[in-house]
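Novice: Below is input_24.cif; it holds mmCIF, C-alpha atoms.
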```cif
data_run
#
loop_
_atom_site.group_PDB
_atom_site.id
_atom_site.type_symbol
_atom_site.label_atom_id
_atom_site.label_comp_id
_atom_site.auth_asym_id
_atom_site.auth_seq_id
_atom_site.Cartn_x
_atom_site.Cartn_y
_atom_site.Cartn_z
ATOM 1 C CA MET A 10 38.021 5.792 -6.609
ATOM 2 C CA VAL A 11 40.461 3.828 -4.461
ATOM 3 C CA ARG A 12 38.830 3.403 -1.050
ATOM 4 C CA GLN A 13 41.207 3.171 1.875
ATOM 5 C CA PHE A 14 40.761 0.393 4.384
ATOM 6 C CA LEU A 15 37.767 1.172 6.590
ATOM 7 C CA PRO A 16 38.030 0.252 10.289
ATOM 8 C CA LEU A 17 34.492 -1.184 10.420
ATOM 9 C CA ASN A 18 34.861 -2.764 13.865
ATOM 10 C CA GLY A 19 36.078 0.506 15.308
ATOM 11 C CA LEU A 20 33.314 2.471 13.617
ATOM 12 C CA ARG A 21 30.699 -0.006 14.860
ATOM 13 C CA ALA A 22 32.026 0.240 18.411
ATOM 14 C CA PHE A 23 32.082 4.030 18.177
ATOM 15 C CA GLU A 24 28.505 4.257 16.861
ATOM 16 C CA ALA A 25 27.080 1.999 19.573
ATOM 17 C CA SER A 26 29.057 3.797 22.293
ATOM 18 C CA ALA A 27 27.862 7.187 21.031
ATOM 19 C CA ARG A 28 24.219 6.088 21.161
ATOM 20 C CA HIS A 29 24.526 4.700 24.687
ATOM 21 C CA LEU A 30 27.262 7.057 25.940
ATOM 22 C CA SER A 31 28.635 3.972 27.626
ATOM 23 C CA PHE A 32 31.204 1.350 26.629
ATOM 24 C CA THR A 33 29.477 -1.141 28.909
ATOM 25 C CA ARG A 34 26.033 -0.802 27.302
ATOM 26 C CA ALA A 35 27.609 -0.789 23.844
ATOM 27 C CA ALA A 36 29.383 -4.035 24.703
ATOM 28 C CA ILE A 37 26.092 -5.632 25.764
ATOM 29 C CA GLU A 38 24.503 -4.647 22.453
ATOM 30 C CA LEU A 39 27.446 -5.922 20.397
ATOM 31 C CA CYS A 40 27.846 -9.112 22.479
ATOM 32 C CA VAL A 41 31.525 -8.454 23.250
ATOM 33 C CA THR A 42 33.422 -7.366 26.341
ATOM 34 C CA GLN A 43 33.611 -3.786 27.561
ATOM 35 C CA ALA A 44 37.385 -3.946 27.128
ATOM 36 C CA ALA A 45 36.985 -4.951 23.477
ATOM 37 C CA VAL A 46 34.730 -1.982 22.747
ATOM 38 C CA SER A 47 37.104 0.396 24.529
ATOM 39 C CA GLN A 48 40.069 -0.944 22.561
ATOM 40 C CA GLN A 49 38.238 -0.645 19.231
ATOM 41 C CA VAL A 50 37.349 2.985 19.952
ATOM 42 C CA LYS A 51 40.915 3.754 21.080
ATOM 43 C CA GLY A 52 42.213 2.252 17.839
ATOM 44 C CA LEU A 53 39.860 4.427 15.811
ATOM 45 C CA GLU A 54 40.870 7.525 17.768
ATOM 46 C CA LYS A 55 44.547 6.717 17.188
ATOM 47 C CA ARG A 56 43.998 6.350 13.468
ATOM 48 C CA LEU A 57 42.067 9.648 13.255
ATOM 49 C CA GLY A 58 44.392 11.486 15.612
ATOM 50 C CA VAL A 59 41.540 12.914 17.667
ATOM 51 C CA ALA A 60 39.566 12.018 20.779
ATOM 52 C CA LEU A 61 36.008 10.965 20.020
ATOM 53 C CA PHE A 62 34.903 10.785 23.659
ATOM 54 C CA GLN A 63 35.750 12.300 26.998
ATOM 55 C CA ARG A 64 35.976 9.461 29.519
ATOM 56 C CA LEU A 65 34.010 10.484 32.598
ATOM 57 C CA PRO A 66 33.623 8.704 35.953
ATOM 58 C CA ARG A 67 30.081 7.750 34.975
ATOM 59 C CA GLY A 68 29.882 7.276 31.250
ATOM 60 C CA LEU A 69 31.072 9.117 28.174
ATOM 61 C CA LYS A 70 30.742 12.562 26.670
ATOM 62 C CA ILE A 71 31.058 12.802 22.916
ATOM 63 C CA THR A 72 33.516 15.408 21.614
ATOM 64 C CA ALA A 73 32.992 17.864 18.764
ATOM 65 C CA GLU A 74 34.951 15.545 16.486
ATOM 66 C CA GLY A 75 32.750 12.636 17.536
ATOM 67 C CA GLU A 76 29.627 14.720 16.865
ATOM 68 C CA ALA A 77 30.921 15.461 13.362
ATOM 69 C CA LEU A 78 31.601 11.793 12.629
ATOM 70 C CA LEU A 79 28.472 10.237 14.136
ATOM 71 C CA PRO A 80 25.774 11.238 11.556
ATOM 72 C CA THR A 81 27.803 9.816 8.646
ATOM 73 C CA VAL A 82 28.543 6.571 10.459
ATOM 74 C CA THR A 83 24.940 6.130 11.602
ATOM 75 C CA SER A 84 23.569 6.853 8.137
ATOM 76 C CA SER A 85 26.020 4.455 6.518
ATOM 77 C CA PHE A 86 25.141 1.597 8.874
ATOM 78 C CA ASP A 87 21.431 2.295 8.376
ATOM 79 C CA GLN A 88 21.831 2.167 4.604
ATOM 80 C CA MET A 89 23.748 -1.095 4.804
ATOM 81 C CA ALA A 90 21.096 -2.610 7.062
ATOM 82 C CA THR A 91 18.341 -1.506 4.692
ATOM 83 C CA THR A 92 20.122 -3.021 1.695
ATOM 84 C CA LEU A 93 20.710 -6.303 3.527
ATOM 85 C CA ASP A 94 17.020 -6.401 4.472
ATOM 86 C CA ARG A 95 16.142 -6.187 0.782
ATOM 87 C CA ILE A 96 18.054 -9.345 -0.082
ATOM 88 C CA GLU A 97 16.419 -12.604 0.895
ATOM 89 C CA ALA A 98 17.153 -16.021 -0.628
ATOM 90 C CA GLY A 99 18.623 -14.406 -3.716
ATOM 91 C CA GLN A 100 15.547 -12.238 -4.292
ATOM 92 C CA VAL A 101 15.997 -8.475 -4.044
ATOM 93 C CA ARG A 102 13.156 -7.034 -2.015
ATOM 94 C CA GLU A 103 11.854 -3.534 -2.661
ATOM 95 C CA LEU A 104 10.996 -1.218 0.182
ATOM 96 C CA LEU A 105 7.997 1.107 0.145
ATOM 97 C CA PHE A 106 7.786 3.841 2.773
ATOM 98 C CA LEU A 107 4.290 5.192 3.464
ATOM 99 C CA GLY A 108 3.226 8.006 5.761
ATOM 100 C CA VAL A 109 -0.505 7.661 6.405
ATOM 101 C CA VAL A 110 -2.934 9.775 8.394
ATOM 102 C CA GLY A 111 -3.937 7.516 11.266
ATOM 103 C CA THR A 112 -7.677 7.419 10.564
ATOM 104 C CA PHE A 113 -7.145 6.204 6.989
ATOM 105 C CA ALA A 114 -4.486 3.719 8.056
ATOM 106 C CA VAL A 115 -6.704 2.013 10.637
ATOM 107 C CA GLY A 116 -10.062 2.489 8.936
ATOM 108 C CA TRP A 117 -9.168 1.624 5.332
ATOM 109 C CA LEU A 118 -5.572 0.670 4.512
ATOM 110 C CA LEU A 119 -4.598 -1.912 7.134
ATOM 111 C CA PRO A 120 -7.661 -4.150 6.616
ATOM 112 C CA ARG A 121 -6.726 -4.369 2.901
ATOM 113 C CA LEU A 122 -2.943 -4.381 3.045
ATOM 114 C CA ALA A 123 -2.679 -8.181 3.107
ATOM 115 C CA ALA A 124 -4.143 -8.238 -0.401
ATOM 116 C CA PHE A 125 -1.369 -5.970 -1.644
ATOM 117 C CA GLN A 126 1.299 -8.087 0.048
ATOM 118 C CA LYS A 127 -0.159 -11.253 -1.473
ATOM 119 C CA ARG A 128 0.037 -9.743 -4.957
ATOM 120 C CA HIS A 129 3.501 -8.241 -4.406
ATOM 121 C CA PRO A 130 5.310 -10.529 -1.937
ATOM 122 C CA PHE A 131 8.723 -8.967 -2.604
ATOM 123 C CA ILE A 132 7.668 -5.437 -1.693
ATOM 124 C CA ASP A 133 8.134 -4.709 1.993
ATOM 125 C CA VAL A 134 5.838 -1.933 3.192
ATOM 126 C CA ARG A 135 6.902 0.390 6.010
ATOM 127 C CA VAL A 136 3.926 2.317 7.413
ATOM 128 C CA SER A 137 4.220 5.303 9.738
ATOM 129 C CA THR A 138 1.081 7.045 10.931
ATOM 130 C CA ASN A 139 0.588 10.736 11.597
ATOM 131 C CA ASN A 140 -2.078 13.293 12.440
ATOM 132 C CA ASN A 141 -2.068 14.748 8.902
ATOM 133 C CA ARG A 142 1.169 16.649 9.428
ATOM 134 C CA VAL A 143 4.082 15.093 7.588
ATOM 135 C CA ASP A 144 7.471 16.085 6.135
ATOM 136 C CA MET A 145 7.949 13.672 3.255
ATOM 137 C CA ALA A 146 11.526 14.687 2.460
ATOM 138 C CA ALA A 147 12.775 14.576 6.042
ATOM 139 C CA GLU A 148 11.052 11.242 6.727
ATOM 140 C CA GLY A 149 12.199 9.645 3.467
ATOM 141 C CA LEU A 150 8.659 8.748 2.384
ATOM 142 C CA ASP A 151 7.690 7.433 -1.032
ATOM 143 C CA PHE A 152 4.030 8.358 -0.548
ATOM 144 C CA ALA A 153 1.941 10.190 2.017
ATOM 145 C CA ILE A 154 -1.796 9.627 2.283
ATOM 146 C CA ARG A 155 -3.426 12.637 3.878
ATOM 147 C CA PHE A 156 -6.688 14.506 4.217
ATOM 148 C CA GLY A 157 -7.395 17.932 2.784
ATOM 149 C CA GLN A 158 -8.019 19.838 -0.397
ATOM 150 C CA GLY A 159 -5.144 18.363 -2.420
ATOM 151 C CA SER A 160 -2.785 21.329 -2.320
ATOM 152 C CA TRP A 161 0.594 20.694 -0.678
ATOM 153 C CA HIS A 162 3.704 22.544 -1.819
ATOM 154 C CA GLY A 163 6.126 20.560 -3.931
ATOM 155 C CA THR A 164 3.919 17.497 -4.211
ATOM 156 C CA ASP A 165 1.751 15.767 -6.786
ATOM 157 C CA ALA A 166 -1.613 14.847 -5.277
ATOM 158 C CA PHE A 167 -4.007 12.176 -6.548
ATOM 159 C CA ARG A 168 -7.517 12.191 -5.101
ATOM 160 C CA LEU A 169 -8.678 8.934 -3.538
ATOM 161 C CA PHE A 170 -12.174 9.652 -2.199
ATOM 162 C CA GLU A 171 -14.194 11.938 0.037
ATOM 163 C CA ALA A 172 -14.805 11.075 3.658
ATOM 164 C CA PRO A 173 -17.958 12.951 4.769
ATOM 165 C CA LEU A 174 -18.358 13.666 8.469
ATOM 166 C CA SER A 175 -21.382 12.833 10.596
ATOM 167 C CA PRO A 176 -22.139 12.586 14.325
ATOM 168 C CA LEU A 177 -21.132 9.247 15.855
ATOM 169 C CA CYS A 178 -21.765 8.146 19.445
ATOM 170 C CA THR A 179 -22.675 5.189 21.632
ATOM 171 C CA PRO A 180 -26.178 3.710 21.275
ATOM 172 C CA LYS A 181 -26.926 4.748 24.868
ATOM 173 C CA LEU A 182 -26.137 8.386 24.129
ATOM 174 C CA ALA A 183 -28.036 8.195 20.846
ATOM 175 C CA GLU A 184 -31.217 7.351 22.780
ATOM 176 C CA THR A 185 -31.223 10.938 24.076
ATOM 177 C CA LEU A 186 -30.995 12.399 20.573
ATOM 178 C CA LYS A 187 -34.362 12.601 18.831
ATOM 179 C CA GLU A 188 -33.514 15.401 16.394
ATOM 180 C CA PRO A 189 -30.348 17.273 15.357
ATOM 181 C CA ALA A 190 -31.126 20.194 17.657
ATOM 182 C CA ASP A 191 -30.733 17.865 20.657
ATOM 183 C CA LEU A 192 -27.007 17.835 19.964
ATOM 184 C CA MET A 193 -26.855 21.442 21.137
ATOM 185 C CA ASP A 194 -27.045 20.114 24.702
ATOM 186 C CA ALA A 195 -24.542 17.307 24.193
ATOM 187 C CA THR A 196 -20.780 17.333 24.650
ATOM 188 C CA LEU A 197 -19.386 17.643 21.147
ATOM 189 C CA LEU A 198 -15.990 16.225 20.257
ATOM 190 C CA ARG A 199 -14.116 17.767 17.359
ATOM 191 C CA SER A 200 -10.781 18.147 15.617
ATOM 192 C CA TYR A 201 -8.644 21.284 15.482
ATOM 193 C CA ARG A 202 -11.065 22.738 12.880
ATOM 194 C CA ALA A 203 -13.356 24.925 14.975
ATOM 195 C CA ASP A 204 -15.980 25.300 12.225
ATOM 196 C CA GLU A 205 -16.821 21.594 11.789
ATOM 197 C CA TRP A 206 -19.802 21.409 14.102
ATOM 198 C CA SER A 207 -21.143 24.798 13.011
ATOM 199 C CA THR A 208 -20.999 23.603 9.408
ATOM 200 C CA TRP A 209 -22.797 20.379 10.296
ATOM 201 C CA PHE A 210 -25.536 22.185 12.237
ATOM 202 C CA ALA A 211 -26.104 24.484 9.272
ATOM 203 C CA ALA A 212 -26.435 21.460 6.975
ATOM 204 C CA ALA A 213 -28.911 19.902 9.431
ATOM 205 C CA GLY A 214 -31.000 23.085 9.488
ATOM 206 C CA VAL A 215 -30.236 23.916 13.110
ATOM 207 C CA SER A 216 -29.928 27.619 13.943
ATOM 208 C CA PRO A 217 -27.977 29.412 15.286
ATOM 209 C CA ALA A 218 -25.267 27.114 13.995
ATOM 210 C CA ALA A 219 -22.355 28.872 15.719
ATOM 211 C CA GLN A 220 -23.579 28.153 19.272
ATOM 212 C CA VAL A 221 -22.218 24.729 20.064
ATOM 213 C CA ASN A 222 -21.248 23.068 23.326
ATOM 214 C CA ALA A 223 -17.600 22.462 22.437
ATOM 215 C CA GLY A 224 -15.919 19.594 24.213
ATOM 216 C CA ILE A 225 -12.487 18.026 23.908
ATOM 217 C CA VAL A 226 -10.382 18.900 20.849
ATOM 218 C CA PHE A 227 -8.400 16.050 19.226
ATOM 219 C CA ASP A 228 -5.589 15.952 16.697
ATOM 220 C CA THR A 229 -6.844 12.682 15.217
ATOM 221 C CA SER A 230 -10.212 11.055 14.615
ATOM 222 C CA LEU A 231 -8.870 7.872 16.213
ATOM 223 C CA GLY A 232 -8.516 9.584 19.572
ATOM 224 C CA MET A 233 -11.876 11.265 19.108
ATOM 225 C CA MET A 234 -13.575 7.946 18.390
ATOM 226 C CA GLU A 235 -12.003 6.338 21.450
ATOM 227 C CA ALA A 236 -13.472 9.155 23.548
ATOM 228 C CA ALA A 237 -16.866 8.578 21.913
ATOM 229 C CA LEU A 238 -16.627 4.849 22.692
ATOM 230 C CA GLN A 239 -16.010 5.772 26.330
ATOM 231 C CA GLY A 240 -19.218 7.826 26.307
ATOM 232 C CA LEU A 241 -17.448 11.165 26.692
ATOM 233 C CA GLY A 242 -19.441 12.845 23.937
ATOM 234 C CA VAL A 243 -20.474 12.840 20.295
ATOM 235 C CA ALA A 244 -17.745 12.687 17.675
ATOM 236 C CA LEU A 245 -17.938 14.352 14.277
ATOM 237 C CA ALA A 246 -16.035 11.824 12.206
ATOM 238 C CA PRO A 247 -16.185 9.933 8.898
ATOM 239 C CA PRO A 248 -18.489 6.884 9.230
ATOM 240 C CA SER A 249 -16.694 5.213 6.306
ATOM 241 C CA MET A 250 -13.519 5.008 8.380
ATOM 242 C CA PHE A 251 -15.299 3.433 11.356
ATOM 243 C CA SER A 252 -17.449 0.869 9.575
ATOM 244 C CA ARG A 253 -16.300 -1.906 11.927
ATOM 245 C CA HIS A 254 -17.460 0.063 14.976
ATOM 246 C CA LEU A 255 -20.806 0.690 13.299
ATOM 247 C CA ALA A 256 -21.184 -2.931 12.202
ATOM 248 C CA SER A 257 -20.474 -4.203 15.721
ATOM 249 C CA GLY A 258 -23.015 -1.835 17.253
ATOM 250 C CA ALA A 259 -20.452 -0.183 19.511
ATOM 251 C CA ILE A 260 -21.072 3.113 17.720
ATOM 252 C CA THR A 261 -24.129 4.424 15.938
ATOM 253 C CA GLN A 262 -24.859 7.276 13.528
ATOM 254 C CA PRO A 263 -27.932 8.992 14.994
ATOM 255 C CA PHE A 264 -28.612 11.260 12.002
ATOM 256 C CA PRO A 265 -27.976 10.756 8.264
ATOM 257 C CA VAL A 266 -26.818 14.335 7.628
ATOM 258 C CA THR A 267 -23.182 14.528 6.482
ATOM 259 C CA ILE A 268 -20.787 17.282 5.462
ATOM 260 C CA SER A 269 -17.726 17.025 3.263
ATOM 261 C CA LEU A 270 -14.714 19.136 4.195
ATOM 262 C CA GLY A 271 -12.097 17.407 2.074
ATOM 263 C CA SER A 272 -10.840 14.146 0.600
ATOM 264 C CA TYR A 273 -8.078 11.643 1.136
ATOM 265 C CA TRP A 274 -5.178 12.056 -1.284
ATOM 266 C CA LEU A 275 -2.183 10.012 -2.341
ATOM 267 C CA THR A 276 0.755 12.432 -2.497
ATOM 268 C CA ARG A 277 4.382 12.174 -3.535
ATOM 269 C CA LEU A 278 7.225 14.643 -3.843
ATOM 270 C CA GLN A 279 7.569 16.069 -7.339
ATOM 271 C CA SER A 280 11.335 15.711 -6.992
ATOM 272 C CA LYS A 281 11.181 11.973 -6.221
ATOM 273 C CA PRO A 282 11.405 9.541 -9.167
ATOM 274 C CA GLN A 283 8.776 6.821 -9.115
ATOM 275 C CA THR A 284 10.110 3.388 -8.238
ATOM 276 C CA PRO A 285 8.575 0.080 -9.366
ATOM 277 C CA ALA A 286 7.289 -0.415 -5.819
ATOM 278 C CA MET A 287 5.597 2.985 -5.884
ATOM 279 C CA GLN A 288 3.962 2.234 -9.215
ATOM 280 C CA ALA A 289 2.744 -1.152 -8.004
ATOM 281 C CA PHE A 290 1.231 0.364 -4.867
ATOM 282 C CA SER A 291 -0.522 3.251 -6.620
ATOM 283 C CA GLU A 292 -1.999 0.902 -9.236
ATOM 284 C CA TRP A 293 -3.253 -1.475 -6.538
ATOM 285 C CA LEU A 294 -4.632 1.394 -4.451
ATOM 286 C CA PHE A 295 -6.724 2.927 -7.234
ATOM 287 C CA GLU A 296 -7.842 -0.484 -8.466
ATOM 288 C CA THR A 297 -9.034 -1.403 -4.982
ATOM 289 C CA ILE A 298 -10.853 1.893 -4.523
ATOM 290 C CA GLY A 299 -12.471 1.549 -7.946
ATOM 291 C CA ALA A 300 -13.726 -1.935 -7.130
ATOM 292 C CA ALA A 301 -15.331 -0.859 -3.862
#
```
Using the file provided, produce a representation of the structure as structure tokens.
Specialist:
Amino acid sequence: MVRQFLPLNGLRAFEASARHLSFTRAAIELCVTQAAVSQQVKGLEKRLGVALFQRLPRGLKITAEGEALLPTVTSSFDQMATTLDRIEAGQVRELLFLGVVGTFAVGWLLPRLAAFQKRHPFIDVRVSTNNNRVDMAAEGLDFAIRFGQGSWHGTDAFRLFEAPLSPLCTPKLAETLKEPADLMDATLLRSYRADEWSTWFAAAGVSPAAQVNAGIVFDTSLGMMEAALQGLGVALAPPSMFSRHLASGAITQPFPVTISLGSYWLTRLQSKPQTPAMQAFSEWLFETIGAA
């Protein structure tokens, strides 16, 4: 394929101007004059034979033609930037994109990630956290670590370990809890699963299990634990993910009873070929879990 000359300066000026909807702000970003950006965009418009912006008294308005061009230009610049990031001192760096449920990221992965980086110094890890809802294809993820039963459409799932739930609260609040039934009078913090506390009460032999004093509902155990640290109630969360809080004495587990409602899983799209970086990470992950 013979590629025609690409007006990279004009495309760069257009992309920055489209993001800011301002030649002035685009010029500041690109470290050139406003006149230079305007001229580059005009040159691109002349070459294409269309207007990419409407010039308004206060800023710019992108045209339909500009809207059609922008995603391709943005994606192309992003891909070039990613490729350049992979090359350092003649060594091609591999990128690994992980989407991780926040509780696992903070409670297990991040404290151990330095060991992976030490073993694989030319793999750059990009971690994004979520509340267990993730679109791997749309987010361009190599792996997603999430909590559940291991069944997600279009993915292969590899079980990591269970994370049983148990009541966690401040030592001061724990002083008021002599037996599990005392929790019936406490403010109970929970996730979006309404049956968690009822299930725990049943396991603890407290009846009727369904009558609980529901408190604040959280979309992540991290937020729930922060509320527990503030003394707002008793969290039902995995002690294994908050071992540092327990070790410091900031949080205590008043009762040993636990319930298991799922496991953490390493998942990947079935349609995505495994890269060397993915293989290295999965091998390290299971080795580390096995050694624990």
Novice: Got a sec to resolve the PyMOL selection byres ((chain A and resi 284-294) around 7) on this structure and send the residues as number ranges by chain?
Specialist: A: 103, 105, 125, 132, 151, 282-283, 295-298
Novice: Between atom CA of A:Gly111 and atom CA of A:Arg155, what is the distance, to one decimal in Å?
Specialist: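 One can read the atom CA of A:Gly111 to atom CA of A:Arg155 distance as 9.0 Å.
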Novice: Which residue gives the smallest distance to A:Gly157 among A:Leu275, A:Ala236, A:Met193, A:Leu20, with only C-alpha atoms counted?
Specialist: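 Closest residue, counting only C-alpha atoms: A:Leu275.
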Novice: Which residues come within 10 Å of stretch 249-259 of chain A, counting only C-alpha atoms, excluding same-chain residues fewer than 5 positions away, as a list of chain:residue names?
Specialist: A:Thr112, A:Phe113, A:Ala114, A:Val115, A:Gly116, A:Trp117, A:Leu118, A:Glu171, A:Ala172, A:Pro173, A:Leu174, A:Ser175, A:Leu177, A:Cys178, A:Thr179, A:Pro180, A:Lys181, A:Ser230, A:Leu231, A:Met234, A:Ala237, A:Leu238
Novice: Residues as selected, C-alpha atoms, written as a PDB file, in the frame of the given file, can you do that?
Specialist:
```pdb
ATOM      1  CA  THR A 112      -7.677   7.419  10.564  1.00  0.00           C
ATOM      2  CA  PHE A 113      -7.145   6.204   6.989  1.00  0.00           C
ATOM      3  CA  ALA A 114      -4.486   3.719   8.056  1.00  0.00           C
ATOM      4  CA  VAL A 115      -6.704   2.013  10.637  1.00  0.00           C
ATOM      5  CA  GLY A 116     -10.062   2.489   8.936  1.00  0.00           C
ATOM      6  CA  TRP A 117      -9.168   1.624   5.332  1.00  0.00           C
ATOM      7  CA  LEU A 118      -5.572   0.670   4.512  1.00  0.00           C
ATOM      8  CA  GLU A 171     -14.194  11.938   0.037  1.00  0.00           C
ATOM      9  CA  ALA A 172     -14.805  11.075   3.658  1.00  0.00           C
ATOM     10  CA  PRO A 173     -17.958  12.951   4.769  1.00  0.00           C
ATOM     11  CA  LEU A 174     -18.358  13.666   8.469  1.00  0.00           C
ATOM     12  CA  SER A 175     -21.382  12.833  10.596  1.00  0.00           C
ATOM     13  CA  LEU A 177     -21.132   9.247  15.855  1.00  0.00           C
ATOM     14  CA  CYS A 178     -21.765   8.146  19.445  1.00  0.00           C
ATOM     15  CA  THR A 179     -22.675   5.189  21.632  1.00  0.00           C
ATOM     16  CA  PRO A 180     -26.178   3.710  21.275  1.00  0.00           C
ATOM     17  CA  LYS A 181     -26.926   4.748  24.868  1.00  0.00           C
ATOM     18  CA  SER A 230     -10.212  11.055  14.615  1.00  0.00           C
ATOM     19  CA  LEU A 231      -8.870   7.872  16.213  1.00  0.00           C
ATOM     20  CA  MET A 234     -13.575   7.946  18.390  1.00  0.00           C
ATOM     21  CA  ALA A 237     -16.866   8.578  21.913  1.00  0.00           C
ATOM     22  CA  LEU A 238     -16.627   4.849  22.692  1.00  0.00           C
TER      23      LEU A 238
END
```
Novice: Mind telling me what the PyMOL selection byres ((chain A and resi 272) around 8) catches here, as a tab-separated table (two decimals) with C-alpha atoms, keeping the file's coordinate frame?
Specialist:
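Saved as selection01.tsv:
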```tsv
chain	number	residue	atom	x	y	z
A	156	PHE	CA	-6.69	14.51	4.22
A	157	GLY	CA	-7.40	17.93	2.78
A	158	GLN	CA	-8.02	19.84	-0.40
A	159	GLY	CA	-5.14	18.36	-2.42
A	168	ARG	CA	-7.52	12.19	-5.10
A	169	LEU	CA	-8.68	8.93	-3.54
A	170	PHE	CA	-12.17	9.65	-2.20
A	171	GLU	CA	-14.19	11.94	0.04
A	172	ALA	CA	-14.80	11.08	3.66
A	269	SER	CA	-17.73	17.02	3.26
A	270	LEU	CA	-14.71	19.14	4.20
A	271	GLY	CA	-12.10	17.41	2.07
A	273	TYR	CA	-8.08	11.64	1.14
A	274	TRP	CA	-5.18	12.06	-1.28
```
Novice: Selected by the PyMOL selection byres ((chain A and resi 37-46) around 10) in the shown coordinates: which residues, as a list in words?
Specialist: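 So the PyMOL selection byres ((chain A and resi 37-46) around 10), applied here, picks out Asn18, Gly19, Arg21, Ala22, Phe23, Ala25, Ser26, His29, Ser31, Phe32, Thr33, Arg34, Ala35, Ala36, Ser47, Gln48, Gln49, Val50, Lys51 and Gly52 of chain A.
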Novice: Any idea what the distance is between atom CA of A:Ser200 and atom CA of A:Asn139?
Specialist: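 Between atom CA of A:Ser200 and atom CA of A:Asn139 the gap is 14.2 Å.
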Novice: Could you tell me which of A:Glu24, A:Val110, A:Arg102, A:Phe264 comes closest to A:Ser84 if we count only C-alpha atoms?
Specialist: A:Glu24
